[in-house]
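Have a look at model.cif below; it lists mmCIF, C-alpha atoms.
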data_input
loop_
_atom_site.label_atom_id
_atom_site.label_comp_id
_atom_site.auth_asym_id
_atom_site.auth_seq_id
_atom_site.Cartn_x
_atom_site.Cartn_y
_atom_site.Cartn_z
CA MET A 27 109.04 121.93 149.64
CA THR A 28 108.83 125.49 148.25
CA PRO A 29 106.86 125.65 144.99
CA PRO A 30 109.05 126.46 141.98
CA ALA A 31 107.05 129.60 141.14
CA LEU A 32 107.69 130.99 144.64
CA ARG A 33 111.43 130.31 144.34
CA VAL A 34 111.50 132.28 141.08
CA GLU A 35 109.78 135.26 142.73
CA GLU A 36 112.24 135.24 145.63
CA GLY A 37 115.16 135.12 143.22
CA VAL A 38 113.89 138.15 141.34
CA GLN A 39 113.38 140.17 144.52
CA GLN A 40 117.05 139.82 145.47
CA GLY A 41 118.08 142.16 142.60
CA THR A 42 116.50 144.93 140.60
CA PRO A 43 113.86 143.33 138.38
CA PHE A 44 113.59 144.13 134.69
CA SER A 45 110.53 146.29 134.17
CA GLY A 46 109.65 144.72 130.82
CA PHE A 47 109.95 145.64 127.15
CA VAL A 48 108.27 148.86 126.06
CA ALA A 49 105.76 149.06 123.25
CA ARG A 50 107.21 150.01 119.87
CA GLY A 51 110.76 149.67 121.18
CA THR A 52 113.56 149.26 118.64
CA ALA A 53 113.94 145.59 117.74
CA THR A 54 117.16 143.73 117.07
CA THR A 55 116.97 140.80 114.66
CA LEU A 56 119.16 137.73 115.11
CA PRO A 57 119.39 134.83 112.63
CA ALA A 58 117.62 131.68 113.76
CA GLN A 59 120.96 129.88 113.40
CA PHE A 60 122.23 131.85 116.38
CA PHE A 61 119.83 129.96 118.65
CA THR A 62 119.83 126.57 116.92
CA GLU A 63 123.51 126.18 115.99
CA LEU A 64 125.74 128.84 117.56
CA LEU A 65 124.31 129.25 121.05
CA PRO A 66 124.82 125.57 122.04
CA LEU A 67 128.52 125.87 121.07
CA ILE A 68 129.36 128.95 123.16
CA ASP A 69 130.72 127.84 126.53
CA ASP A 70 132.19 131.16 127.71
CA GLU A 71 130.01 133.80 129.34
CA ALA A 72 132.07 136.79 128.17
CA GLU A 73 132.09 135.47 124.59
CA LEU A 74 128.31 135.11 124.63
CA ARG A 75 127.80 138.64 125.95
CA VAL A 76 130.26 140.19 123.51
CA THR A 77 128.83 138.25 120.55
CA LEU A 78 125.28 139.32 121.33
CA TYR A 79 126.21 142.95 121.89
CA ALA A 80 128.44 143.10 118.80
CA LEU A 81 125.60 141.75 116.63
CA TYR A 82 123.31 144.39 118.15
CA ALA A 83 125.86 147.18 117.58
CA ILE A 84 126.53 146.07 113.99
CA GLY A 85 122.79 145.90 113.31
CA ARG A 86 122.42 149.52 114.43
CA ARG A 87 124.78 150.74 111.73
CA ARG A 88 123.28 152.45 108.71
CA GLY A 89 124.52 152.34 105.13
CA ALA A 90 126.15 149.64 103.03
CA LEU A 91 129.01 148.97 105.45
CA ARG A 92 127.65 147.23 108.53
CA ALA A 93 130.64 147.10 110.86
CA VAL A 94 131.67 148.50 114.23
CA ARG A 95 135.08 149.44 115.60
CA LEU A 96 136.47 147.51 118.56
CA SER A 97 137.13 150.86 120.26
CA GLN A 98 133.44 151.71 119.85
CA LEU A 99 132.44 148.46 121.49
CA ALA A 100 134.85 149.19 124.33
CA SER A 101 133.16 152.54 124.95
CA GLU A 102 129.60 151.18 125.00
CA GLU A 103 128.38 151.47 128.60
CA PRO A 104 125.78 148.65 128.40
CA LEU A 105 128.48 146.23 127.22
CA ARG A 106 130.89 147.39 129.92
CA ARG A 107 128.21 146.73 132.53
CA ALA A 108 127.47 143.35 130.97
CA LEU A 109 131.13 142.33 131.34
CA THR A 110 131.43 143.49 134.97
CA GLY A 111 130.87 140.02 136.39
CA CYS A 112 133.04 138.13 133.89
CA GLY A 113 136.34 139.95 133.70
CA GLY A 114 135.39 143.58 133.13
CA ASP A 115 136.89 145.71 130.38
CA ALA A 116 139.87 143.35 130.05
CA ALA A 117 137.53 140.54 128.96
CA LEU A 118 136.37 142.32 125.79
CA GLU A 119 139.25 141.60 123.43
CA PRO A 120 139.81 137.93 124.45
CA ALA A 121 136.07 137.33 124.14
CA LEU A 122 136.06 138.92 120.68
CA LEU A 123 138.96 136.69 119.62
CA ARG A 124 137.02 133.63 120.78
CA ALA A 125 133.99 134.79 118.76
CA VAL A 126 136.19 135.24 115.68
CA GLU A 127 137.73 131.81 116.18
CA ARG A 128 134.27 130.27 116.55
CA GLY A 129 133.14 131.96 113.34
CA SER A 130 130.35 134.22 114.58
CA LEU A 131 132.28 137.47 113.98
CA LEU A 132 134.90 138.67 111.50
CA THR A 133 137.57 141.33 111.97
CA LEU A 134 139.74 143.56 109.82
CA ALA A 135 142.79 145.42 111.14
CA LEU A 136 142.94 149.20 110.68
CA GLU A 137 145.99 151.37 110.16
CA ASP A 138 145.42 153.23 113.43
CA GLY A 139 145.62 150.02 115.43
CA ASP A 140 141.87 149.66 115.82
CA THR A 141 139.81 146.75 114.45
CA LEU A 142 136.62 146.63 112.39
CA CYS A 143 134.17 143.94 113.46
CA PHE A 144 131.65 142.35 111.08
CA ALA A 145 128.94 139.75 111.51
CA ASN A 146 129.89 136.54 109.72
CA THR A 147 127.08 136.84 107.18
CA ASP A 148 127.17 136.94 103.39
CA ALA A 149 127.17 140.74 103.52
CA GLY A 150 129.77 140.85 106.29
CA ARG A 151 132.16 138.53 104.47
CA ARG A 152 131.67 140.39 101.19
CA ASN A 153 132.28 143.81 102.74
CA ARG A 154 135.36 142.69 104.64
CA ASP A 155 136.89 141.09 101.55
CA ARG A 156 136.09 144.12 99.36
CA LEU A 157 137.58 146.51 101.89
CA ARG A 158 140.70 144.39 102.20
CA SER A 159 141.14 144.20 98.42
CA GLY A 160 140.42 147.89 97.85
CA ALA A 161 137.25 147.22 95.81
CA LEU A 162 135.20 149.07 98.44
CA ARG A 163 136.20 152.54 99.58
CA PRO A 164 136.32 152.75 103.40
CA PRO A 165 134.31 155.44 105.22
CA PRO A 166 136.02 158.76 106.00
CA GLY A 167 138.64 158.39 108.70
CA VAL A 168 138.97 154.62 108.21
CA ARG A 169 142.21 153.34 106.72
CA ILE A 170 142.70 149.61 106.25
CA ALA A 171 146.02 148.32 107.55
CA ALA A 172 148.48 147.28 104.86
CA PRO A 173 148.65 143.51 104.40
CA ARG A 174 151.49 141.72 106.08
CA GLU A 175 154.71 141.19 104.20
CA GLN A 176 154.24 139.01 101.15
CA PRO A 177 155.59 135.48 101.59
CA ARG A 178 158.88 134.49 100.04
CA ALA A 179 158.95 132.27 96.95
CA GLY A 180 157.46 128.88 97.74
CA GLU A 181 155.44 130.21 100.72
CA ALA A 182 152.39 131.52 98.83
CA ASP A 183 150.34 128.53 99.96
CA ALA A 184 151.51 128.53 103.58
CA PRO A 185 148.63 127.21 105.75
CA ALA A 186 148.47 130.35 107.90
CA ARG A 187 148.12 132.57 104.85
CA VAL A 188 145.49 130.31 103.29
CA TYR A 189 143.58 130.27 106.60
CA GLU A 190 143.40 134.09 106.54
CA GLN A 191 142.34 134.08 102.89
CA GLU A 192 139.73 131.35 103.12
CA ILE A 193 138.53 131.11 106.74
CA GLY A 194 139.15 134.26 108.77
CA ALA A 195 141.49 136.16 111.03
CA LEU A 196 144.28 134.28 112.75
CA THR A 197 144.08 134.06 116.54
CA PRO A 198 146.69 132.69 118.96
CA ALA A 199 144.63 129.52 119.37
CA ILE A 200 144.36 128.98 115.61
CA THR A 201 148.08 129.68 115.14
CA ASP A 202 148.87 127.01 117.74
CA ALA A 203 146.46 124.59 116.05
CA LEU A 204 148.08 125.17 112.64
CA ASP A 205 151.55 124.67 114.14
CA ALA A 206 150.42 121.38 115.71
CA ALA A 207 148.82 120.30 112.42
CA ALA A 208 152.05 121.07 110.53
CA GLU A 209 153.87 118.59 112.76
CA ARG A 210 151.35 115.88 111.92
CA TRP A 211 150.32 116.44 108.29
CA PRO A 212 151.96 117.78 105.09
CA ALA A 213 151.43 121.48 104.42
CA ASP A 214 149.67 120.79 101.11
CA TRP A 215 147.13 118.59 102.94
CA ILE A 216 146.36 121.42 105.38
CA VAL A 217 146.00 123.96 102.58
CA ARG A 218 143.70 121.65 100.63
CA ALA A 219 141.56 120.95 103.73
CA LEU A 220 141.21 124.69 104.45
CA ARG A 221 140.13 125.40 100.88
CA LEU A 222 137.71 122.49 101.02
CA ALA A 223 136.15 123.94 104.19
CA ALA A 224 135.73 127.29 102.44
CA ARG A 225 134.25 125.65 99.32
CA HIS A 226 131.68 123.86 101.46
CA ASN A 227 131.01 127.16 103.32
CA VAL A 228 132.01 125.66 106.68
CA ARG A 229 134.65 128.19 107.63
CA ARG A 230 135.92 126.59 110.83
CA TRP A 231 139.26 125.03 111.68
CA ALA A 232 137.46 122.11 113.35
CA TYR A 233 135.97 121.12 109.98
CA ALA A 234 139.33 121.24 108.20
CA GLU A 235 140.92 119.23 111.01
CA SER A 236 138.22 116.54 110.75
CA VAL A 237 138.94 116.31 107.01
CA LEU A 238 142.66 115.86 107.74
CA ARG A 239 141.93 113.09 110.26
CA ARG A 240 139.75 111.32 107.71
CA TRP A 241 142.47 111.55 105.05
CA GLU A 242 144.98 110.23 107.56
CA ALA A 243 142.76 107.22 108.29
CA GLU A 244 141.43 106.52 104.79
CA GLY A 245 144.05 108.01 102.48
CA ILE A 246 143.88 111.03 100.25
CA GLU A 247 143.04 110.98 96.55
CA GLU A 248 143.64 113.35 93.67
CA GLU A 249 141.75 116.64 93.93
CA GLY A 250 138.15 116.29 92.84
CA GLY A 251 137.94 112.67 94.02
CA THR A 252 135.98 111.33 96.98
CA ALA A 253 138.48 112.91 99.36
CA ASP A 254 137.04 116.27 98.33
CA ALA A 255 133.43 115.15 98.51
CA GLU A 256 130.93 117.24 100.36
CA PRO A 257 129.83 115.62 103.67
CA GLY A 258 127.09 113.08 103.09
CA GLN A 259 128.17 112.17 99.56
CA ASP A 260 130.40 109.25 100.55
CA HIS A 261 127.43 106.95 101.18
CA GLU A 262 125.89 107.89 97.83
CA ARG A 263 129.12 107.08 96.01
CA SER A 264 129.46 103.86 97.98
CA ALA A 265 125.98 102.80 96.88
CA ARG A 266 127.02 103.17 93.24
CA ARG A 267 130.36 101.36 93.64
CA ASP A 268 130.81 97.77 92.38
CA HIS A 269 131.83 95.69 95.40
CA GLY A 270 132.25 92.45 93.48
CA PRO A 271 131.30 89.19 95.23
CA TYR A 272 130.63 91.04 98.51
CA GLU A 273 127.98 93.31 96.99
CA ARG A 274 124.98 91.53 98.58
CA VAL A 275 126.57 91.44 102.02
CA ILE A 276 127.43 95.16 101.88
CA ARG A 277 123.99 96.17 100.61
CA ARG A 278 122.29 94.01 103.26
CA SER A 279 124.32 95.63 106.03
#

Show this structure as structure tokens.
Amino acid sequence: MTPPALRVEEGVQQGTPFSGFVARGTATTLPAQFFTELLPLIDDEAELRVTLYALYAIGRRRGALRAVRLSQLASEEPLRRALTGCGGDAALEPALLRAVERGSLLTLALEDGDTLCFANTDAGRRNRDRLRSGALRPPPGVRIAAPREQPRAGEADAPARVYEQEIGALTPAITDALDAAAERWPADWIVRALRLAARHNVRRWAYAESVLRRWEAEGIEEEGGTADAEPGQDHERSARRDHGPYERVIRRS
């Protein structure tokens, strides 16, 4: 049997080996959460490559506004080479949409049809929201796209609108998920679950959906009750609850 070390050497010789990092080269910093929480969730090669490169490109920006245009990403030769084996140039935008849906990146539409991309950090969320509201003046040549038509009376709390306000940009997959949820749960439940996800700083549709499933199974209470509890608080409340004659059995179990 060929020793593992020898197999590694043979594998390297088949292509052009990386010559190694140079001393005093420019470093790119990634949050530890990328490796411990986000990386295990990414199951698409193009999404992983685009996410990594976008974070690198955003980190290169100077000034208060750390964001990069989608068109700039599309013109970056290293990223184009990185996508050669997983769909090429056409893979960029779908991969970016998957990253936005997963919550690693944020986007903001521009008037010229381009898109600004932000890292989903405190600074990235703050800058995107301030640009969208007009509180932050965009750089020269950047014009934020006008918001979509205001909803008609009675539609201000439509789930899709609340998702954009509280969670992030709508993607085709999220739109389909919201449509499916609307067939199963009342709109006010969906809105409340989305706002609960935002309040707990877990801005993902999967979290809101798990809340809806729990309410469906256990019932929903008035706002501020245990239905709105932060994860992990249910057991604490249960420990304080008076269970009557079954108290000893419950505490023993």

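For Ala171 of chain A, the non-local neighbours within 8 Å, defined as residues at least 4 positions apart in the same chain or in other chains and counting only C-alpha atoms, are Ala135, Leu136, Glu137 and Asp138 of chain A.
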
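Here the question is which of A:Ile200, A:Leu131, A:Leu142, A:Ile193 gets nearest to Arg225 of chain A using all atoms listed in the file, and that residue is A:Ile193.
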
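Applied to the file shown here, the PyMOL selection byres ((chain A and resi 121) around 10) selects Asp70, Glu71, Ala72, Glu73, Leu74, Arg75, Val76, Thr77, Gly113, Ala116, Ala117, Leu118, Glu119, Pro120, Leu122, Leu123, Arg124, Ala125, Val126 and Glu127 of chain A.
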
Next, write the just-selected residues to a file, as a PDB file, in the coordinates of the input, keeping C-alpha atoms as the atom set.
ATOM      1  CA  ASP A  70     132.190 131.160 127.710  1.00  0.00           C
ATOM      2  CA  GLU A  71     130.010 133.800 129.340  1.00  0.00           C
ATOM      3  CA  ALA A  72     132.070 136.790 128.170  1.00  0.00           C
ATOM      4  CA  GLU A  73     132.090 135.470 124.590  1.00  0.00           C
ATOM      5  CA  LEU A  74     128.310 135.110 124.630  1.00  0.00           C
ATOM      6  CA  ARG A  75     127.800 138.640 125.950  1.00  0.00           C
ATOM      7  CA  VAL A  76     130.260 140.190 123.510  1.00  0.00           C
ATOM      8  CA  THR A  77     128.830 138.250 120.550  1.00  0.00           C
ATOM      9  CA  GLY A 113     136.340 139.950 133.700  1.00  0.00           C
ATOM     10  CA  ALA A 116     139.870 143.350 130.050  1.00  0.00           C
ATOM     11  CA  ALA A 117     137.530 140.540 128.960  1.00  0.00           C
ATOM     12  CA  LEU A 118     136.370 142.320 125.790  1.00  0.00           C
ATOM     13  CA  GLU A 119     139.250 141.600 123.430  1.00  0.00           C
ATOM     14  CA  PRO A 120     139.810 137.930 124.450  1.00  0.00           C
ATOM     15  CA  LEU A 122     136.060 138.920 120.680  1.00  0.00           C
ATOM     16  CA  LEU A 123     138.960 136.690 119.620  1.00  0.00           C
ATOM     17  CA  ARG A 124     137.020 133.630 120.780  1.00  0.00           C
ATOM     18  CA  ALA A 125     133.990 134.790 118.760  1.00  0.00           C
ATOM     19  CA  VAL A 126     136.190 135.240 115.680  1.00  0.00           C
ATOM     20  CA  GLU A 127     137.730 131.810 116.180  1.00  0.00           C
TER      21      GLU A 127
END

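When all atoms listed in the file are used to compute distances to Leu132 of chain A, the closest of the residues A:Ala172, A:Gly194, A:Ser101, A:Gly160 turns out to be A:Gly194.
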
(request) Quick one: pull the distance between atom CA of Arg106 of chain A and atom CA of Glu63 of chain A, Å, one decimal. (result) 26.4 Å

(message) Using all atoms listed in the file, can you tell me which of A:Pro166, A:Gly51, A:Gly85, A:Pro104 comes closest to Gly150 of chain A?
(response) A:Gly85
